[in-house]
Amino acid sequence: MNPSSLMSQDNSSVNVKSFAVDIQNLKHVYPSRRLSRKAKQQQVPTDSITAVKNLSLQVQEAQIFGILGPNGSGKSTLFQILSTLLTPTSGSVRVCGFDVQTQSQHVRQQLGVVFQSPSLDDKLTAMENLIYHGQLYGLSGNDLKKQAVDALATVNLIDRANDFIDSFSGGMKRRVEIAKAMLHQPRILLLDEPSTGLDPAARRDIWQHLCMLREDMGITVLLTTHLMDEAEKCDQLGIMHLGDLVAVDTPDHLKQQIGGDVIQIDPHHANSISSLQSALAQMYPDKPLSLIDGKLLLEIENGPTHVAQIGSALGDQIKRISVGQPTLEDVFMHLTGHRLGDA
Ligand code: ADP
Ligand code: MG
């Protein structure tokens, strides 16, 4: 059944464009934890945690969509709801038109899932890992073998099919995880923090494969990340903070929200920060000014033209001044008032 295809009055089938993922007013609250007697005696607080707050989001087909947010922002909770492992408190989530709660079987057919923690058996070969996984999906015989060969070929590991996983590098293991997720030929690939723990070369390699899946096979890739360089490569990016989706756009458009450049000012001494801060606020009353890790950041158009002016007015209090293009870190700071690295 394809819910996006409806029958028109003359009984011909018409296609209604649906999103790969359509989330409306999603909320998830973890109930308060059960406490040990000792914790109860110590009156440890038992508040429930709202991990996702009223989140709405649409993901188009055949794009790489990233959810960027620091630890604790609710990414894995969202990921688990999408992969049907967690029932949301309220709201609706549709994957290829199917509802995650009432049509979870259909949803799972559409999804390939790569979890953050490894799910391969090190003592089996790459091929054996795929075969066992396929059997869980009800595949068998020559069909399963062919699909396993195709999936390993997709991630360029066919020549290592019969090698044991414990002889693979971190990046190769992640590629086998992707092959495993692609085995039942899903339309959407979900990845929770795919680059975490990988070296730069392995990251580049994984990304080459994700781009290839999108371009050659029209796969929609939805991934979570707390890494700026990974977020930069996505077609669309949703920024999450404390359970809220605070912005959705292309990485370039998000950076253009910052008016021009970012001037970074390192004070000579920690005790000159507040006088620098008030002097800059007076010089540029309508420009966003923030303090991160003891450095002042001023968002301003034509940054280089202001550097000399700031230097001559406040040079005695400044150790270093630099100007740069805004990064996604600046965007996150601008939107939330926090650093991306903050948990
Ligand atoms: P992220 O993946 O962005 O780090 P999570 O979705 O894991 O965020 O966590 C969001 C919030 O929900 C955090 O405050 C976290 O402590 C809390 N949380 C996550 N899993 C559970 C759980 N099983 N029980 C209670 N609270 C949880
Ligand atoms: Mg997580």
# chains A, B, ... in the order shown; residues from 1 in each chain; ligands from 1
>>> residues_around(residues="A:Asp266", least_positions_apart="4", cutoff="6 Å", atoms="only C-alpha atoms", output="list in words")
Lys295, Ile318, Lys319 and Arg320 of chain A
>>> write_last_selection(atoms="N, CA, C and O atoms", output="mmCIF file, in the first residue's frame")
data_model
loop_
_atom_site.group_PDB
_atom_site.id
_atom_site.type_symbol
_atom_site.label_atom_id
_atom_site.label_comp_id
_atom_site.auth_asym_id
_atom_site.auth_seq_id
_atom_site.Cartn_x
_atom_site.Cartn_y
_atom_site.Cartn_z
ATOM 1 N N LYS A 295 35.983 35.440 24.990
ATOM 2 C CA LYS A 295 36.207 36.253 23.784
ATOM 3 C C LYS A 295 34.890 36.937 23.397
ATOM 4 O O LYS A 295 33.823 36.339 23.564
ATOM 5 N N ILE A 318 43.002 45.260 24.159
ATOM 6 C CA ILE A 318 42.809 44.094 23.265
ATOM 7 C C ILE A 318 44.129 43.383 22.991
ATOM 8 O O ILE A 318 45.129 44.026 22.645
ATOM 9 N N LYS A 319 44.124 42.053 23.150
ATOM 10 C CA LYS A 319 45.325 41.280 22.826
ATOM 11 C C LYS A 319 45.345 40.948 21.330
ATOM 12 O O LYS A 319 46.356 41.068 20.654
ATOM 13 N N ARG A 320 44.170 40.508 20.834
ATOM 14 C CA ARG A 320 44.108 40.089 19.421
ATOM 15 C C ARG A 320 42.712 40.406 18.877
ATOM 16 O O ARG A 320 41.726 40.286 19.598
#
>>> closest_atom_pairs(of="chain A", to="ligand 2", cutoff="7 Å", atoms="only C-alpha atoms and all ligand atoms", output="JSON lines")
{"residue": "A:Asn71", "atom": "CA", "partner": "ligand 2", "partner_atom_place_in_ligand_line": "1 (Mg)", "distance": 6.3}
{"residue": "A:Gly72", "atom": "CA", "partner": "ligand 2", "partner_atom_place_in_ligand_line": "1 (Mg)", "distance": 6.9}
{"residue": "A:Lys75", "atom": "CA", "partner": "ligand 2", "partner_atom_place_in_ligand_line": "1 (Mg)", "distance": 5.4}
{"residue": "A:Ser76", "atom": "CA", "partner": "ligand 2", "partner_atom_place_in_ligand_line": "1 (Mg)", "distance": 4.1}
{"residue": "A:Asp192", "atom": "CA", "partner": "ligand 2", "partner_atom_place_in_ligand_line": "1 (Mg)", "distance": 6.9}
>>> residues_near_ligand(ligand="ligand 1", cutoff="12 Å", atoms="only C-alpha atoms and all ligand atoms", output="MDAnalysis selection string")
chainID A and resid 27:34 46:53 67:81 85:87 115:116 191:193 223:227 239:245 340:343
>>> residues_around(residues="A:Val59", least_positions_apart="5", cutoff="7 Å", atoms="only C-alpha atoms", output="mmCIF file with all heavy atoms, in the first residue's frame")
data_model
loop_
_atom_site.group_PDB
_atom_site.id
_atom_site.type_symbol
_atom_site.label_atom_id
_atom_site.label_comp_id
_atom_site.auth_asym_id
_atom_site.auth_seq_id
_atom_site.Cartn_x
_atom_site.Cartn_y
_atom_site.Cartn_z
ATOM 1 N N PHE A 19 5.981 13.955 1.823
ATOM 2 C CA PHE A 19 7.353 14.141 2.290
ATOM 3 C C PHE A 19 7.934 12.788 2.690
ATOM 4 O O PHE A 19 7.204 11.877 3.073
ATOM 5 C CB PHE A 19 7.363 15.078 3.488
ATOM 6 C CG PHE A 19 6.949 16.476 3.149
ATOM 7 C CD1 PHE A 19 5.711 16.970 3.540
ATOM 8 C CD2 PHE A 19 7.796 17.303 2.424
ATOM 9 C CE1 PHE A 19 5.332 18.265 3.219
ATOM 10 C CE2 PHE A 19 7.426 18.598 2.101
ATOM 11 C CZ PHE A 19 6.186 19.075 2.502
ATOM 12 N N ALA A 20 9.253 12.682 2.617
ATOM 13 C CA ALA A 20 9.903 11.466 3.109
ATOM 14 C C ALA A 20 9.615 11.336 4.606
ATOM 15 O O ALA A 20 9.296 10.263 5.107
ATOM 16 C CB ALA A 20 11.402 11.538 2.846
ATOM 17 N N VAL A 21 9.722 12.449 5.308
ATOM 18 C CA VAL A 21 9.408 12.465 6.739
ATOM 19 C C VAL A 21 8.561 13.705 7.014
ATOM 20 O O VAL A 21 8.884 14.797 6.538
ATOM 21 C CB VAL A 21 10.700 12.520 7.597
ATOM 22 C CG1 VAL A 21 10.366 12.694 9.070
ATOM 23 C CG2 VAL A 21 11.538 11.263 7.392
ATOM 24 N N ASP A 22 7.456 13.502 7.719
ATOM 25 C CA ASP A 22 6.566 14.617 8.040
ATOM 26 C C ASP A 22 6.228 14.542 9.530
ATOM 27 O O ASP A 22 5.560 13.611 9.972
ATOM 28 C CB ASP A 22 5.297 14.517 7.181
ATOM 29 C CG ASP A 22 4.421 15.752 7.338
ATOM 30 O OD1 ASP A 22 4.791 16.670 8.088
ATOM 31 O OD2 ASP A 22 3.350 15.787 6.681
ATOM 32 N N PHE A 65 19.467 15.396 5.036
ATOM 33 C CA PHE A 65 18.940 16.331 6.026
ATOM 34 C C PHE A 65 19.653 16.070 7.346
ATOM 35 O O PHE A 65 19.667 14.949 7.847
ATOM 36 C CB PHE A 65 17.431 16.127 6.180
ATOM 37 C CG PHE A 65 16.748 17.235 6.944
ATOM 38 C CD1 PHE A 65 15.977 18.177 6.286
ATOM 39 C CD2 PHE A 65 16.902 17.340 8.322
ATOM 40 C CE1 PHE A 65 15.372 19.218 6.993
ATOM 41 C CE2 PHE A 65 16.301 18.368 9.027
ATOM 42 C CZ PHE A 65 15.528 19.310 8.365
#
>>> residues_around(residues="stretch 301-306 of chain A", least_positions_apart="5", cutoff="7 Å", atoms="only C-alpha atoms", output="ChimeraX atom specification")
/A:259-263,323
>>> write_last_selection(atoms="all heavy atoms", output="compact mmCIF listing (two decimals), in the first residue's frame")
# COMPACT_ATOMS: atom_id res chain seq x y z
N GLY A 259 24.38 38.89 10.06
CA GLY A 259 24.56 40.04 9.16
C GLY A 259 26.01 40.27 8.79
O GLY A 259 26.67 41.11 9.39
N GLY A 260 26.55 39.55 7.85
CA GLY A 260 27.89 39.82 7.34
C GLY A 260 28.98 38.98 7.98
O GLY A 260 29.01 37.77 7.81
N ASP A 261 29.88 39.64 8.74
CA ASP A 261 31.06 38.96 9.29
C ASP A 261 30.96 38.85 10.82
O ASP A 261 30.07 39.43 11.43
CB ASP A 261 32.32 39.75 8.94
CG ASP A 261 32.51 39.83 7.43
OD1 ASP A 261 32.32 38.81 6.75
OD2 ASP A 261 32.83 40.94 6.94
N VAL A 262 31.92 38.11 11.36
CA VAL A 262 32.03 38.03 12.83
C VAL A 262 33.42 38.53 13.22
O VAL A 262 34.43 37.99 12.77
CB VAL A 262 31.82 36.58 13.32
CG1 VAL A 262 32.02 36.50 14.83
CG2 VAL A 262 30.42 36.08 12.95
N ILE A 263 33.46 39.59 14.04
CA ILE A 263 34.74 40.09 14.55
C ILE A 263 34.96 39.47 15.92
O ILE A 263 34.08 39.53 16.79
CB ILE A 263 34.74 41.63 14.66
CG1 ILE A 263 34.55 42.25 13.28
CG2 ILE A 263 36.04 42.13 15.30
CD1 ILE A 263 34.53 43.77 13.27
N VAL A 323 38.83 38.88 12.06
CA VAL A 323 37.51 38.92 11.44
C VAL A 323 37.35 37.71 10.54
O VAL A 323 38.29 37.28 9.89
CB VAL A 323 37.30 40.26 10.68
CG1 VAL A 323 38.34 40.49 9.62
CG2 VAL A 323 35.93 40.37 10.09
>>> closest_residue(among="A:His184, A:Arg160, A:His338, A:Arg203", to="A:Leu139", atoms="only C-alpha atoms")
A:His184
>>> closest_residue(among="A:Val331, A:Leu298, A:Val307, A:Ala279", to="A:Gln257", atoms="only C-alpha atoms")
A:Val331
>>> atom_distance(atom1="atom CA of A:Arg108", atom2="atom CA of A:Arg175")
20.3 Å
>>> atom_distance(atom1="atom CA of A:Asp229", atom2="atom CA of A:Ile23")
25.8 Å
>>> atom_distance(atom1="atom CA of A:Met127", atom2="atom CA of A:Ala148")
6.8 Å
>>> select_by_dssp(residues="stretch 57-292 of chain A", states="strand (DSSP E)", output="ChimeraX atom specification")
/A:57-59,64-68,90-95,98-99,111-114,188-192,220-225,236-241,244-249,261-267,289-292
>>> closest_residue(among="A:Leu144, A:Met212, A:Ile258, A:Val114", to="A:Asn156", atoms="only C-alpha atoms")
A:Met212
>>> select_by_dssp(residues="stretch 114-313 of chain A", states="alpha helix (DSSP H)", output="PyMOL selection string")
chain A and resi 126-136+141-154+170-182+200-217+228-232+251-256+273-283+303-313
>>> closest_residue(among="A:Leu254, A:Cys211, A:Leu190, A:Ile273", to="A:Gln317", atoms="only C-alpha atoms")
A:Ile273
